[in-house]
Each structure stands twice: as C-alpha cells, then as structure tokens.
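**Student:** Structure supplied as upload.cif; contents: mmCIF, C-alpha atoms and all ligand atoms.
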```cif
data_query
loop_
_atom_site.label_atom_id
_atom_site.label_comp_id
_atom_site.auth_asym_id
_atom_site.auth_seq_id
_atom_site.Cartn_x
_atom_site.Cartn_y
_atom_site.Cartn_z
CA MET A 1 48.36 66.54 -132.69
CA ILE A 2 45.12 64.98 -133.94
CA ILE A 3 43.48 67.51 -136.25
CA LYS A 4 39.73 67.42 -136.89
CA PRO A 5 37.60 69.90 -138.84
CA LYS A 6 36.11 72.80 -136.86
CA VAL A 7 33.52 74.41 -139.09
CA ARG A 8 31.92 77.76 -138.23
CA GLY A 9 29.53 78.91 -140.94
CA PHE A 10 31.47 79.19 -144.17
CA ILE A 11 34.87 78.90 -142.48
CA CYS A 12 36.78 75.89 -141.26
CA THR A 13 39.24 77.05 -138.61
CA THR A 14 41.50 74.00 -138.77
CA SER A 15 43.40 72.41 -141.66
CA HIS A 16 45.10 69.08 -142.09
CA PRO A 17 48.69 69.11 -143.40
CA THR A 18 48.63 65.59 -144.86
CA GLY A 19 45.23 66.12 -146.50
CA CYS A 20 46.29 69.46 -148.00
CA ALA A 21 49.48 67.86 -149.34
CA ALA A 22 47.42 65.05 -150.92
CA ASN A 23 45.15 67.63 -152.59
CA VAL A 24 48.12 69.45 -154.04
CA GLN A 25 49.63 66.18 -155.28
CA GLU A 26 46.34 65.23 -156.94
CA GLN A 27 46.38 68.52 -158.86
CA ILE A 28 50.06 68.11 -159.79
CA ASP A 29 49.29 64.62 -161.14
CA TYR A 30 46.45 66.08 -163.21
CA VAL A 31 48.72 68.76 -164.69
CA LYS A 32 51.46 66.27 -165.49
CA ALA A 33 48.98 64.10 -167.40
CA GLN A 34 47.95 66.97 -169.72
CA SER A 35 49.66 67.97 -172.92
CA PHE A 36 51.10 71.44 -173.47
CA ALA A 37 51.99 73.16 -176.73
CA ASP A 38 55.75 73.45 -177.27
CA ALA A 39 55.84 77.06 -178.37
CA ASP A 40 55.36 80.14 -176.34
CA LYS A 41 55.46 78.94 -172.74
CA PRO A 42 55.89 81.49 -169.95
CA LYS A 43 59.27 81.15 -168.22
CA ASN A 44 58.87 83.35 -165.16
CA VAL A 45 55.48 83.66 -163.53
CA LEU A 46 54.26 85.84 -160.67
CA VAL A 47 51.09 84.58 -158.96
CA LEU A 48 49.32 86.97 -156.60
CA GLY A 49 47.06 84.86 -154.36
CA CYS A 50 49.03 81.66 -154.98
CA SER A 51 48.04 79.41 -152.08
CA THR A 52 44.45 78.21 -152.63
CA GLY A 53 41.73 77.99 -155.27
CA TYR A 54 42.36 79.37 -158.73
CA GLY A 55 45.70 81.01 -157.83
CA LEU A 56 47.18 77.75 -156.53
CA ALA A 57 45.97 75.99 -159.68
CA SER A 58 47.66 78.71 -161.77
CA ARG A 59 50.93 78.17 -159.94
CA LEU A 60 50.71 74.40 -160.39
CA VAL A 61 50.03 74.69 -164.13
CA SER A 62 52.91 77.19 -164.46
CA THR A 63 55.36 75.00 -162.56
CA PHE A 64 54.48 71.47 -163.61
CA GLY A 65 52.94 72.25 -167.01
CA PHE A 66 55.20 75.03 -168.31
CA GLY A 67 58.27 74.30 -166.15
CA ALA A 68 58.29 78.01 -165.20
CA LYS A 69 59.98 79.63 -162.24
CA THR A 70 57.28 81.04 -159.95
CA VAL A 71 57.14 83.77 -157.35
CA GLY A 72 53.96 83.61 -155.28
CA VAL A 73 52.30 85.96 -152.81
CA MET A 74 49.76 84.76 -150.26
CA PHE A 75 48.21 85.81 -146.94
CA GLU A 76 48.20 82.71 -144.76
CA LYS A 77 48.47 81.63 -141.14
CA GLU A 78 51.70 79.88 -140.26
CA ALA A 79 51.45 76.67 -138.22
CA SER A 80 52.67 76.61 -134.60
CA GLU A 81 53.20 73.85 -132.03
CA LYS A 82 49.71 74.57 -130.66
CA ARG A 83 47.66 75.39 -133.74
CA PRO A 84 47.55 74.09 -137.27
CA GLY A 85 48.38 76.54 -140.04
CA SER A 86 45.83 77.57 -142.66
CA ALA A 87 45.12 75.40 -145.69
CA GLY A 88 46.98 77.78 -147.98
CA TRP A 89 50.00 77.52 -145.72
CA TYR A 90 50.04 73.72 -145.98
CA ASN A 91 49.23 73.77 -149.70
CA THR A 92 52.22 76.01 -150.26
CA ARG A 93 54.60 73.90 -148.20
CA ALA A 94 53.50 70.85 -150.23
CA PHE A 95 53.87 72.76 -153.51
CA GLU A 96 57.36 73.97 -152.56
CA LYS A 97 58.48 70.46 -151.67
CA ALA A 98 57.27 69.08 -155.00
CA ALA A 99 58.74 71.98 -157.01
CA ASP A 100 62.09 71.66 -155.17
CA GLU A 101 62.15 67.93 -155.88
CA ALA A 102 61.49 68.67 -159.55
CA GLY A 103 64.35 71.21 -159.47
CA ILE A 104 62.06 74.13 -160.38
CA TYR A 105 62.73 77.51 -158.76
CA ASN A 106 59.97 78.82 -156.50
CA LYS A 107 59.75 81.54 -153.89
CA THR A 108 56.74 82.47 -151.76
CA PHE A 109 56.03 85.67 -149.83
CA ASN A 110 53.50 85.52 -147.02
CA GLY A 111 52.16 89.03 -146.51
CA ASP A 112 49.79 91.72 -147.74
CA ALA A 113 49.95 91.86 -151.55
CA PHE A 114 48.24 95.28 -151.44
CA SER A 115 51.18 96.83 -149.54
CA ASN A 116 54.19 98.62 -151.01
CA GLU A 117 56.50 96.58 -148.74
CA ILE A 118 55.52 93.25 -150.30
CA LYS A 119 55.79 94.73 -153.80
CA GLU A 120 59.32 95.92 -152.98
CA GLN A 121 60.35 92.56 -151.50
CA VAL A 122 58.95 90.62 -154.45
CA ILE A 123 60.66 92.89 -156.97
CA ALA A 124 64.01 92.60 -155.13
CA GLU A 125 63.71 88.80 -155.28
CA ILE A 126 62.79 88.86 -158.99
CA LYS A 127 65.78 91.10 -159.77
CA GLU A 128 68.16 88.91 -157.85
CA ASN A 129 66.98 85.43 -158.77
CA VAL A 130 64.49 85.45 -161.62
CA GLY A 131 65.14 88.08 -164.27
CA GLN A 132 61.98 89.32 -165.94
CA ILE A 133 58.39 88.23 -165.43
CA ASP A 134 56.47 87.20 -168.55
CA LEU A 135 53.16 86.19 -166.91
CA VAL A 136 51.41 87.82 -163.95
CA VAL A 137 48.33 86.06 -162.57
CA TYR A 138 46.19 88.21 -160.29
CA SER A 139 44.05 85.88 -158.17
CA LEU A 140 43.52 87.71 -154.89
CA ALA A 141 40.22 87.31 -153.08
CA ALA A 142 40.28 89.56 -150.03
CA PRO A 143 37.65 91.09 -147.75
CA ARG A 144 39.60 94.33 -147.22
CA ARG A 145 42.43 96.41 -148.56
CA LYS A 146 44.58 99.09 -146.98
CA ASP A 147 45.33 101.80 -149.49
CA PRO A 148 49.15 101.89 -149.71
CA VAL A 149 49.21 105.69 -150.13
CA THR A 150 46.55 107.00 -147.73
CA GLY A 151 46.54 104.12 -145.24
CA GLU A 152 42.72 104.06 -145.37
CA VAL A 153 41.19 100.59 -145.01
CA TYR A 154 38.38 99.64 -147.42
CA SER A 155 36.03 96.67 -146.86
CA SER A 156 34.20 94.93 -149.66
CA VAL A 157 30.51 94.00 -149.37
CA LEU A 158 28.44 91.30 -151.06
CA LYS A 159 25.22 93.23 -151.63
CA PRO A 160 22.88 93.92 -154.51
CA VAL A 161 22.86 97.23 -156.33
CA GLY A 162 19.73 99.41 -156.52
CA GLU A 163 16.95 97.23 -155.06
CA PRO A 164 16.82 94.78 -152.16
CA VAL A 165 17.02 91.17 -153.34
CA THR A 166 15.22 88.18 -151.81
CA ARG A 167 16.63 84.81 -152.81
CA LYS A 168 16.72 81.27 -151.65
CA THR A 169 19.90 79.96 -150.14
CA TYR A 170 21.12 76.88 -148.30
CA ASN A 171 22.47 77.19 -144.78
CA THR A 172 25.29 74.68 -144.42
CA ASP A 173 25.12 74.84 -140.60
CA THR A 174 21.39 74.29 -140.07
CA LYS A 175 20.99 72.30 -143.34
CA GLU A 176 17.95 74.38 -144.19
CA VAL A 177 16.80 76.04 -147.38
CA SER A 178 15.43 79.48 -146.60
CA GLU A 179 15.05 82.91 -148.14
CA VAL A 180 17.48 85.71 -147.44
CA THR A 181 16.82 89.36 -148.14
CA LEU A 182 19.86 91.44 -148.93
CA GLU A 183 19.62 95.22 -148.70
CA PRO A 184 21.27 97.16 -151.50
CA ALA A 185 24.77 98.51 -151.10
CA THR A 186 25.24 102.24 -150.62
CA GLN A 187 27.39 104.09 -153.16
CA GLU A 188 30.14 104.27 -150.53
CA GLU A 189 30.04 100.47 -150.11
CA ILE A 190 30.14 99.95 -153.87
CA ASP A 191 33.15 102.26 -154.16
CA ALA A 192 34.89 100.43 -151.30
CA THR A 193 34.23 97.05 -152.96
CA ILE A 194 35.78 98.38 -156.18
CA LYS A 195 38.80 99.55 -154.16
CA VAL A 196 39.29 96.04 -152.75
CA MET A 197 38.34 93.74 -155.62
CA GLY A 198 38.66 96.06 -158.64
CA GLY A 199 41.64 96.60 -160.90
CA GLU A 200 43.59 99.32 -159.07
CA ASP A 201 46.01 97.01 -157.26
CA TRP A 202 46.45 94.85 -160.40
CA GLU A 203 47.59 98.03 -162.20
CA LEU A 204 49.86 99.01 -159.28
CA TRP A 205 51.63 95.65 -159.55
CA ILE A 206 52.15 95.95 -163.30
CA ASN A 207 53.37 99.55 -162.93
CA ALA A 208 55.77 98.58 -160.15
CA LEU A 209 57.20 95.64 -162.13
CA ASP A 210 57.63 97.84 -165.19
CA GLU A 211 59.26 100.71 -163.28
CA ALA A 212 61.71 98.25 -161.72
CA GLY A 213 62.60 96.88 -165.17
CA VAL A 214 61.40 93.36 -164.35
CA LEU A 215 58.37 93.18 -166.67
CA ALA A 216 59.39 91.35 -169.84
CA ASP A 217 58.48 92.67 -173.29
CA ASN A 218 55.32 90.97 -174.61
CA ALA A 219 54.40 89.84 -171.10
CA LYS A 220 50.86 88.68 -170.37
CA THR A 221 48.73 89.33 -167.32
CA THR A 222 45.33 88.09 -166.25
CA ALA A 223 42.94 88.78 -163.36
CA TYR A 224 40.09 86.39 -162.66
CA THR A 225 36.41 87.12 -162.71
CA TYR A 226 33.01 85.46 -162.50
CA ILE A 227 30.10 86.60 -164.66
CA GLY A 228 27.32 84.01 -164.25
CA LYS A 229 23.73 84.34 -165.51
CA GLU A 230 20.24 85.40 -164.34
CA LEU A 231 20.25 83.17 -161.25
CA THR A 232 23.38 84.74 -159.78
CA TRP A 233 23.33 88.22 -161.36
CA PRO A 234 21.34 89.87 -158.50
CA ILE A 235 23.97 88.83 -155.95
CA TYR A 236 27.08 88.68 -158.11
CA GLY A 237 27.25 89.89 -161.72
CA LYS A 238 25.05 92.92 -161.25
CA ALA A 239 25.81 93.39 -157.54
CA SER A 240 28.59 95.23 -155.65
CA ILE A 241 31.17 92.54 -156.44
CA GLY A 242 30.14 92.63 -160.12
CA LYS A 243 30.84 96.38 -160.13
CA ALA A 244 34.34 95.65 -158.81
CA LYS A 245 34.82 92.98 -161.46
CA GLU A 246 33.73 95.45 -164.18
CA ASP A 247 36.63 97.58 -163.00
CA LEU A 248 38.98 94.74 -164.01
CA ASP A 249 37.84 95.28 -167.62
CA ARG A 250 38.67 98.97 -167.28
CA ALA A 251 42.08 98.14 -165.81
CA ALA A 252 42.90 95.59 -168.53
CA SER A 253 42.07 98.09 -171.23
CA ALA A 254 44.05 100.89 -169.51
CA MET A 255 47.12 98.66 -169.17
CA ASN A 256 46.91 97.48 -172.78
CA ASP A 257 46.94 101.15 -173.86
CA LYS A 258 49.63 102.24 -171.47
CA PHE A 259 52.00 99.39 -172.27
CA SER A 260 51.17 98.88 -175.95
CA ALA A 261 54.74 99.74 -177.03
CA LYS A 262 55.99 97.01 -174.69
CA GLY A 263 53.54 94.49 -176.15
CA LEU A 264 51.78 93.80 -172.83
CA GLU A 265 48.64 91.69 -173.16
CA ALA A 266 46.26 92.17 -170.20
CA ARG A 267 43.13 90.03 -170.24
CA VAL A 268 40.44 89.23 -167.73
CA GLY A 269 39.99 85.45 -167.39
CA VAL A 270 36.40 84.34 -166.80
CA LEU A 271 36.05 81.22 -164.64
CA LYS A 272 33.18 79.07 -163.45
CA ALA A 273 31.60 79.00 -160.00
CA LEU A 274 33.36 76.53 -157.72
CA VAL A 275 33.67 75.82 -154.02
CA THR A 276 36.61 77.82 -152.70
CA GLN A 277 37.17 79.70 -149.46
CA ALA A 278 36.15 82.90 -151.25
CA SER A 279 32.97 81.62 -152.93
CA SER A 280 31.61 79.91 -149.78
CA ALA A 281 31.20 83.37 -148.25
CA ILE A 282 28.87 84.61 -151.00
CA PRO A 283 25.13 84.44 -150.18
CA VAL A 284 23.03 82.18 -152.47
CA MET A 285 26.14 80.41 -153.84
CA PRO A 286 25.72 77.57 -151.27
CA LEU A 287 22.50 76.67 -153.11
CA TYR A 288 23.51 77.61 -156.65
CA ILE A 289 26.80 75.67 -156.61
CA PRO A 290 25.34 72.32 -155.37
CA LEU A 291 22.62 72.59 -158.05
CA LEU A 292 25.23 73.45 -160.68
CA TYR A 293 27.43 70.54 -159.58
CA LYS A 294 24.50 68.13 -159.80
CA VAL A 295 23.60 69.23 -163.33
CA MET A 296 27.16 69.53 -164.68
CA LYS A 297 28.18 66.17 -163.19
CA GLU A 298 25.15 64.54 -164.81
CA GLN A 299 25.95 66.21 -168.14
CA GLY A 300 29.63 65.24 -167.86
CA THR A 301 30.97 68.81 -167.92
CA HIS A 302 31.90 69.33 -164.27
CA GLU A 303 35.37 70.75 -163.63
CA GLY A 304 37.43 71.85 -160.63
CA CYS A 305 39.98 74.67 -160.31
CA ILE A 306 42.81 72.75 -161.91
CA GLU A 307 40.81 71.69 -164.98
CA GLN A 308 39.60 75.28 -165.48
CA ILE A 309 43.08 76.77 -165.20
CA TYR A 310 44.61 74.11 -167.43
CA ARG A 311 42.09 75.08 -170.11
CA LEU A 312 42.62 78.81 -169.52
CA LEU A 313 46.42 78.84 -169.53
CA GLY A 314 47.40 75.57 -171.17
CA GLU A 315 44.86 75.49 -174.00
CA GLU A 316 43.56 79.03 -174.51
CA TRP A 317 46.45 81.37 -173.75
CA TYR A 318 49.55 79.25 -174.34
CA GLY A 319 48.02 76.60 -176.55
CA GLY A 320 49.87 77.66 -179.70
CA ARG A 321 46.73 79.22 -181.21
CA ALA A 322 44.74 82.42 -180.75
CA PRO A 323 42.56 82.23 -177.62
CA THR A 324 38.77 82.32 -177.83
CA LEU A 325 37.77 85.80 -176.68
CA ASP A 326 34.49 87.57 -176.03
CA GLU A 327 33.67 91.09 -177.31
CA GLN A 328 35.47 92.63 -174.32
CA GLY A 329 38.62 90.66 -175.10
CA ARG A 330 38.19 88.40 -172.07
CA ILE A 331 39.22 84.74 -172.14
CA ARG A 332 36.18 82.59 -171.42
CA VAL A 333 36.40 79.13 -169.85
CA ASP A 334 33.07 79.55 -168.03
CA LEU A 335 30.85 78.84 -171.02
CA TRP A 336 30.00 75.24 -170.10
CA GLU A 337 28.41 76.58 -166.90
CA LEU A 338 26.49 79.23 -168.84
CA ASP A 339 25.25 76.80 -171.48
CA ASP A 340 21.44 76.95 -171.79
CA LYS A 341 21.22 73.20 -171.17
CA VAL A 342 22.86 73.67 -167.78
CA GLN A 343 21.20 76.94 -166.76
CA SER A 344 17.67 75.87 -167.73
CA GLU A 345 18.05 72.66 -165.71
CA VAL A 346 19.32 74.57 -162.66
CA GLU A 347 16.49 77.09 -163.08
CA ALA A 348 13.94 74.25 -163.21
CA LEU A 349 15.31 72.65 -160.03
CA TRP A 350 15.64 75.92 -158.13
CA PRO A 351 11.95 76.43 -157.14
CA GLN A 352 11.62 72.77 -156.16
CA CYS A 353 14.43 73.00 -153.58
CA THR A 354 13.24 72.91 -149.98
CA THR A 355 14.90 71.73 -146.80
CA GLU A 356 13.27 68.33 -147.43
CA THR A 357 14.19 67.96 -151.12
CA VAL A 358 17.54 69.72 -151.41
CA ASN A 359 19.65 66.62 -150.77
CA ASP A 360 18.01 64.81 -153.68
CA LEU A 361 17.83 67.71 -156.11
CA ALA A 362 21.23 69.26 -155.50
CA ASP A 363 24.70 67.83 -154.97
CA VAL A 364 24.82 69.01 -151.36
CA LYS A 365 27.09 66.13 -150.40
CA GLY A 366 29.52 66.93 -153.22
CA TYR A 367 29.53 70.58 -152.16
CA GLN A 368 30.16 69.79 -148.51
CA ASP A 369 32.81 67.17 -149.26
CA GLU A 370 34.61 69.63 -151.48
CA PHE A 371 34.35 72.37 -148.87
CA LEU A 372 36.01 70.12 -146.27
CA LYS A 373 38.58 69.00 -148.82
CA LEU A 374 39.67 72.63 -149.21
CA PHE A 375 41.01 72.28 -145.67
CA GLY A 376 42.54 68.86 -146.21
CA PHE A 377 39.67 66.83 -144.67
CA GLY A 378 37.89 63.82 -146.15
CA VAL A 379 40.78 63.05 -148.48
CA GLU A 380 41.04 59.40 -149.42
CA GLY A 381 43.99 57.54 -147.95
CA VAL A 382 44.62 60.03 -145.13
CA ASP A 383 44.42 58.67 -141.57
CA TYR A 384 42.66 61.40 -139.60
CA ASP A 385 43.10 59.58 -136.30
CA ALA A 386 46.86 59.60 -136.66
CA ASP A 387 49.01 62.02 -134.73
CA VAL A 388 50.46 64.62 -137.09
CA ASN A 389 53.04 67.31 -136.58
CA PRO A 390 51.28 70.60 -137.46
CA ILE A 391 54.63 72.11 -138.37
CA VAL A 392 55.71 70.93 -141.79
P1 LIG A 401 40.66 81.78 -152.61
O1 LIG A 401 40.07 82.32 -151.36
O2 LIG A 401 40.77 80.31 -152.74
O3 LIG A 401 42.13 82.39 -152.83
C1 LIG A 401 42.48 83.70 -152.48
C2 LIG A 401 43.99 83.87 -152.49
O4 LIG A 401 44.31 85.23 -152.19
C3 LIG A 401 44.73 83.02 -151.44
O5 LIG A 401 45.97 82.60 -151.99
C4 LIG A 401 45.02 84.03 -150.32
O6 LIG A 401 46.15 83.72 -149.51
C5 LIG A 401 45.28 85.27 -151.15
N1 LIG A 401 45.10 86.55 -150.43
C6 LIG A 401 43.96 87.03 -149.86
N2 LIG A 401 44.22 88.26 -149.35
C7 LIG A 401 45.51 88.54 -149.61
C8 LIG A 401 46.37 89.65 -149.34
N3 LIG A 401 45.93 90.75 -148.72
N4 LIG A 401 47.67 89.57 -149.73
C9 LIG A 401 48.14 88.46 -150.36
N5 LIG A 401 47.38 87.40 -150.66
C10 LIG A 401 46.08 87.44 -150.30
O7 LIG A 401 39.83 82.42 -153.80
P2 LIG A 401 39.46 81.95 -155.28
O8 LIG A 401 38.05 81.52 -155.29
O9 LIG A 401 40.52 81.10 -155.86
O10 LIG A 401 39.46 83.38 -156.00
C11 LIG A 401 40.55 83.86 -156.76
C12 LIG A 401 40.01 84.81 -157.82
O11 LIG A 401 39.16 84.07 -158.71
C13 LIG A 401 39.14 85.93 -157.24
O12 LIG A 401 39.37 87.12 -157.97
C14 LIG A 401 37.72 85.43 -157.49
O13 LIG A 401 36.78 86.48 -157.58
C15 LIG A 401 37.93 84.73 -158.83
N6 LIG A 401 36.86 83.74 -159.18
C16 LIG A 401 36.44 82.82 -158.28
C17 LIG A 401 35.41 81.94 -158.62
C18 LIG A 401 34.87 80.91 -157.65
O14 LIG A 401 33.78 80.39 -157.87
N7 LIG A 401 35.61 80.55 -156.63
C19 LIG A 401 34.85 81.98 -159.92
C20 LIG A 401 35.35 82.90 -160.83
C21 LIG A 401 36.37 83.79 -160.45
#
```
Just give me the structure as structure tokens.
Ligand code: NAD
**Tutor:**
Amino acid sequence: MIIKPKVRGFICTTSHPTGCAANVQEQIDYVKAQSFADADKPKNVLVLGCSTGYGLASRLVSTFGFGAKTVGVMFEKEASEKRPGSAGWYNTRAFEKAADEAGIYNKTFNGDAFSNEIKEQVIAEIKENVGQIDLVVYSLAAPRRKDPVTGEVYSSVLKPVGEPVTRKTYNTDTKEVSEVTLEPATQEEIDATIKVMGGEDWELWINALDEAGVLADNAKTTAYTYIGKELTWPIYGKASIGKAKEDLDRAASAMNDKFSAKGLEARVGVLKALVTQASSAIPVMPLYIPLLYKVMKEQGTHEGCIEQIYRLLGEEWYGGRAPTLDEQGRIRVDLWELDDKVQSEVEALWPQCTTETVNDLADVKGYQDEFLKLFGFGVEGVDYDADVNPIV
C-alpha cells in the first residue's frame, strides 16, 4: 500500500508505519545520548496514554533512560490489510521492537484506560510479570469518558468560563487568520470536562494498584498539565479544560494525604505547549504554537516532547537532587515558555498576524511539518512512494 497523508481539519486519518518508526527511533537516540543520575531510578513504570505525545516520551525515557520495565495503556486503531493503523499503533509497535531488542520487558494494553476491565487486566499482568510499580505516569488526553460505575458517558468541552471569548486563530485548512468567538461553557459542561480530564481516574488507578498490592512503597506518580499565560488563559488555563486541570492538583494532594504512610509522592507535571494530536484540537493554539515556536527557536529554547520529559523525569524527579517545585508542589518544566522574554515577543507579534503576514511572523511551516510528522509523514529518509505493508 502507498500511504499518503489525508488531513481533515486537525486530524490526519492516515499514518505511515516507516515514518512513525523513524520518529520513535529519533526519540530513542535522543534519550540514549542523555546522562542519567545513578541513584534512585524507577524500575517498574506504568504509563497511561503511552502511545503518542508526552506519554510516549515518558515511556521512552523510562525504558531507554532508566532501563525500567514498562506497562503501557493506549487507545489506538489497529492496522488492517485495507487501512493503516493509527500513529500511536505504529509508534508502539516500533517501541516494542526496540525495547525487545534491548532485552527490556514491555507490555501494552490497547483499550479504554477509564474502564474497570483494563485496570483489572493491567493489574493481573503486573502481578504475574512485573512485581510492584514505582512510577505511574498519567498522560491520557481523551474527549470522553464512560464512568466505570454508572456507565454514564461524559464529554469534555474546550470553552471559556464565565464570558464569551473572541480570539484570533489560524485555520490550517484555509490558511487564514480569523477571529473565533467561543461561548462560555455551562456548569454541566464544566463538570463533564472535569470528569473526563480531571483527577478522578488518576486516583482510581492509584487506588486499584494499591488495593491489589502492586503499588510499591515510596512510589511516585505524575499527571500532566498545561498552565500557560495571559494569551492562552481565556481558552485554556482559566477555561473549562483549566478547571479540569485544577482538579489534578486536588487529586495529587488527596493522594499524598491518603497514602502518606506508604510514602507515595503524587505531583502534577507542568509541560509546555507543543504540537500533539490533543493540542491541535484546541482553538487558538494553531496560532499561539507557531508564534511560540518562532520565538523559542530564535531564542534557542525550543524543545519537543522528548526534551521536556527528559528534563521532567531525568533531571527534575530522578536527577539525584530535590526537584524544583512551585508553591502547589508541581514540577515545572514549562518556565522557558512562560519567560517574559518569550511571552512579550509573542504578545507583540500577535496583533500583527494576518492571513498575509502569518507565514513570516510565525513558524507556520514548522507547526505544519510537525503536525504531519506526528503521523509519520515528512520524515527525512522515508520513501513515501514506496509500497509498504500497513501491518507491522
Ligand atoms: P496525545 O493525544 O498525544 O496522547 C494521548 C494518549 O492518550 C495516547 O496515548 C492515546 O492513545 C491515549 N488515550 C486517549 N484516550 C484513551 C483511553 N480512553 N484509554 C487509553 N488511552 C487513551 O496527547 P498529549 O498532548 O501527549 O497529552 C498528554 C497529556 O499532557 C494530557 O493530559 C495533556 O493535557 C497534557 N499536556 C499537553 C500539552 C501539549 O501542548 N500537547 C502541554 C501540557 C500538558
């Protein structure tokens, strides 16, 4: 099969197995070139949302940086004779091949991480083949969640809170800069967003692992968040998704209290804005991220998922020193993005962006290349005219 990108809005419905494998290898090479402190490495890591973006990077750092056994959970489309699989499917096949070759245990579950069934299957596997988990990374980004007790399905929304918000954005299909007005979320929508992207399921996982006796003493757990600044607050930090992310702080604090005798350390990890499948769906981000990329590349502080997660896990949390924390006890690796030098430059460029100027003022090309790369396209050295077997 010859596989070409088919982009619809913020989704690409095809993925390229060879390109995805090359992306994974590039990240593995990066991890292998970094140094890791000798002491205090996690041995058995559970990554929820392990197949793309920040979760995949967390699994790669755990495997190839710490040498840890990993169990991963993802929600991906398997490849068939007729249709390519999803990018996360191919990323995971490439990861498993590399981990197997390195002789490092890995097991992946493809299913709904919010369900009791997947929790039971994962725990059975951990009991049989892993032992106890000493690091749990919670990196799910999902549009909906079925409550495992009531069966009710909740959908998250990306809407402001309180007032309508009008903001510029960039439409990647029409290549136009235009204003969008977003109506505020209702209380019901905010509550549903908290149900999906808040801390409840993170707590359910930790409880289930503990009850099954597979949570190690002094284990650590992190869930990822984005905070941002004035430019993104109306649609992220102080919007419906920001309310859900605040609930992660509540959950971290509740778990630290509940499991204090066990020595559990639950911390929210704050990461920078990057092109991933999840962030492409957020209004305004398609303009903010290209501007941010332009400024951070020029200032020499641009990073991708793997660099961020190496700093978070490799340097901050397992770096043989106390991590740098904010007042809420969160680990911050997003501060280069929030630096005044970066934000003031982005703010200065923002009003100048129009359909005519956006390509010069913002790194639109970098953004679009990276978006396609998420699906394995535009990767150097890959022959996209070659016939590939979609089943790997
Ligand atoms: P992503 O879309 O690349 O990854 C999401 C992962 O979740 C994938 O592995 C997917 O298979 C998995 N998943 C989704 N639904 C699932 C389900 N029901 N069951 C099992 N697995 C499921 O997203 P990302 O951008 O890497 O986001 C990961 C986390 O990082 C999110 O909490 C996000 O809010 C946070 N974050 C993202 C950014 C950013 O700019 N991308 C910045 C800061 C924080």
**Student:** Restricting the calculation to all atoms listed in the file, which member of A:Gly55, A:Gly103, A:Pro164, A:Gly329 is positioned closest to Ala141 (chain A)?
**Tutor:** A:Gly55
**Student:** Using CA of Val71 (chain A) and CA of Ala261 (chain A) as the two end points, give the distance in Å to one decimal.
**Tutor:**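 CA of Val71 (chain A) sits 25.5 Å away from CA of Ala261 (chain A).
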**Student:** With only C-alpha atoms and all ligand atoms counted, collect every polymer residue having an atom within 6 Å of ligand LIG 401 (chain A); state the result as a VMD selection string.
**Tutor:** chain A and resid 49 to 55 73 to 76 111 to 114 139 to 142 224 to 226 271 to 279
**Student:** Which distance in Å separates CA of Glu96 (chain A) and CA of Gly366 (chain A), to one decimal?
**Tutor:**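 Between these atoms lies a distance of 28.7 Å.
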**Student:** Lys32 (chain A): which residues within 12 Å, counting all atoms listed in the file, same-chain residues fewer than 2 positions away excluded, as an mmCIF file with C-alpha atoms, keeping the file's coordinate frame?
**Tutor:**
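Written out: out08.cif:
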```cif
data_model
loop_
_atom_site.group_PDB
_atom_site.id
_atom_site.type_symbol
_atom_site.label_atom_id
_atom_site.label_comp_id
_atom_site.auth_asym_id
_atom_site.auth_seq_id
_atom_site.Cartn_x
_atom_site.Cartn_y
_atom_site.Cartn_z
ATOM 1 C CA GLN A 25 49.630 66.180 -155.280
ATOM 2 C CA GLU A 26 46.340 65.230 -156.940
ATOM 3 C CA GLN A 27 46.380 68.520 -158.860
ATOM 4 C CA ILE A 28 50.060 68.110 -159.790
ATOM 5 C CA ASP A 29 49.290 64.620 -161.140
ATOM 6 C CA TYR A 30 46.450 66.080 -163.210
ATOM 7 C CA GLN A 34 47.950 66.970 -169.720
ATOM 8 C CA SER A 35 49.660 67.970 -172.920
ATOM 9 C CA PHE A 36 51.100 71.440 -173.470
ATOM 10 C CA LEU A 60 50.710 74.400 -160.390
ATOM 11 C CA VAL A 61 50.030 74.690 -164.130
ATOM 12 C CA SER A 62 52.910 77.190 -164.460
ATOM 13 C CA THR A 63 55.360 75.000 -162.560
ATOM 14 C CA PHE A 64 54.480 71.470 -163.610
ATOM 15 C CA GLY A 65 52.940 72.250 -167.010
ATOM 16 C CA PHE A 66 55.200 75.030 -168.310
ATOM 17 C CA GLY A 67 58.270 74.300 -166.150
ATOM 18 C CA ALA A 102 61.490 68.670 -159.550
ATOM 19 C CA ILE A 306 42.810 72.750 -161.910
ATOM 20 C CA GLU A 307 40.810 71.690 -164.980
ATOM 21 C CA TYR A 310 44.610 74.110 -167.430
ATOM 22 C CA GLY A 314 47.400 75.570 -171.170
#
```
**Student:** Report, in Å with one decimal, the straight-line distance from CA of Asn106 (chain A) to CA of Ala68 (chain A).
**Tutor:**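 Between CA of Asn106 (chain A) and CA of Ala68 (chain A) the gap works out to 8.9 Å.
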**Student:** Choose the residue, out of A:Val268, A:Ile123, A:Ile241, A:Trp89, that has the smallest atom-to-atom separation from Asn207 (chain A); count only C-alpha atoms.
**Tutor:**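 The answer is A:Ile123, which sits nearest to Asn207 (chain A).
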**Student:** Using all atoms listed in the file and a cutoff of 12 Å, can you tell me which residues are near (49.2, 61.8, -153.1) in the file's coordinates, and write them out as a ChimeraX atom specification?
**Tutor:** /A:18-30,94-95,98,376,379-382
**Student:** Can you tell me, as a ChimeraX atom specification, which residues sit within 10 Å of (20.3, 92.8, -150.7) in the file's frame, using only C-alpha atoms?
**Tutor:** /A:158-167,180-185,234-235,239-240,283
**Student:** Which one of A:Ile194, A:Ile118, A:Ala252, A:Met285 sits closest to Gly228 (chain A) if you count only C-alpha atoms?
**Tutor:**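 Answer, going by the shortest atom-to-atom distance: A:Met285.
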